[in-house]
Amino acid sequence: MAHWLIKSEPFKYSWDQFVKDGQTFWDGVRNYAARNNLRAMKKGDEVLFYHSNEGVEIVGIAKVAKEAYQDPTTDDTNWVVVDFKPVRKLKNPVTLVQVKEEKRLANMALVKLSRLSVQPVTDEEWKVVMEMAGEKK
């Protein structure tokens with residue numbers, strides 16, 4: 001199973017709205033690297049939900065519910081969406097400041113490729129984030 005991180009600005013789509021919806025498709029991705037990451041996701045993969053610009057923290061865990069398919073918001077076949085379901089809110093959100101201060105996360109895409117909206121997360125990075133959030137795994 002792979003791990004990922006998806007970013008959303010809370011005023012556009014927050015964790016609370018995601019939980020209320022129960023499932024959503026991740027649309028509007030118009031960056032090729034982010035699109036390729038969506039295409040690589042498999043059903044059941046675990047995903048960190050990150051609030052960007054405001055809050056600036058990892059707030060929850062989601063799962064891939066449906067693998068990549070044509071983005072219904074465009075006729076351009078270059079773009080895809082993935083369905084996600086919320087799993088749980090983190091006990092303790094992990095801020096970007098905390099991520100940057102944690103030496104074991106120095107190479108995390110969130111630090112190195114900060115503008116990328118859909119990112120891979122290594123197994124080791126996942127374990128460190130879970131530890132920082134006070135989560136058992």
# chains A, B, ... in the order shown; residues from 1 in each chain; ligands from 1

call {"tool": "closest_atom_pairs", "arguments": {"of": "range 111-130 of chain A", "to": "range 23-46 of chain A", "cutoff": "8 Å", "atoms": "only C-alpha atoms", "output": "JSON lines"}}
result
{"residue": "A:Leu116", "atom": "CA", "partner": "A:Ala34", "partner_atom": "CA", "distance": 6.4}
{"residue": "A:Ser117", "atom": "CA", "partner": "A:Ala34", "partner_atom": "CA", "distance": 6.2}
{"residue": "A:Val118", "atom": "CA", "partner": "A:Ala34", "partner_atom": "CA", "distance": 4.8}
{"residue": "A:Gln119", "atom": "CA", "partner": "A:Asn37", "partner_atom": "CA", "distance": 6.5}
{"residue": "A:Pro120", "atom": "CA", "partner": "A:Asn37", "partner_atom": "CA", "distance": 7.0}

call {"tool": "residues_around", "arguments": {"residues": "Leu48 in chain A", "least_positions_apart": "3", "cutoff": "6 Å", "atoms": "only C-alpha atoms", "output": "VMD selection string"}}
result
chain A and resid 5 60 to 61

call {"tool": "atom_distance", "arguments": {"atom1": "CA of Asn78 in chain A", "atom2": "CA of Ser8 in chain A"}}
result
21.2 Å

call {"tool": "select_by_dssp", "arguments": {"residues": "chain A", "states": "strand (DSSP E or B)", "output": "MDAnalysis selection string"}}
result
chainID A and resid 3:8 24:25 46:51 57:70 80:95 118:121

call {"tool": "atom_distance", "arguments": {"atom1": "CA of Lys66 in chain A", "atom2": "CA of Gly22 in chain A"}}
result
13.4 Å

call {"tool": "closest_residue", "arguments": {"among": "A:Trp15, A:Val64, A:Asp76, A:Lys20", "to": "Phe49 in chain A", "atoms": "only C-alpha atoms"}}
result
A:Trp15

call {"tool": "residues_around", "arguments": {"residues": "Glu57 in chain A", "least_positions_apart": "6", "cutoff": "12 Å", "atoms": "only C-alpha atoms", "output": "list of chain:residue names"}}
result
A:Leu5, A:Ile6, A:Lys7, A:Ser8, A:Glu9, A:Pro10, A:Ser14, A:Trp15, A:Leu48, A:Phe49, A:Tyr50, A:His51, A:Lys89, A:Leu90, A:Asn92, A:Pro93, A:Val94, A:Thr95, A:Leu96, A:Val97, A:Gln98, A:Val99, A:Lys100, A:Leu110, A:Val129, A:Met132, A:Ala133

call {"tool": "atom_distance", "arguments": {"atom1": "CA of Ile58 in chain A", "atom2": "CA of Asp21 in chain A"}}
result
18.9 Å

call {"tool": "residues_around", "arguments": {"residues": "Gln70 in chain A", "least_positions_apart": "6", "cutoff": "9 Å", "atoms": "only C-alpha atoms", "output": "PyMOL selection string"}}
result
chain A and resi 76-82
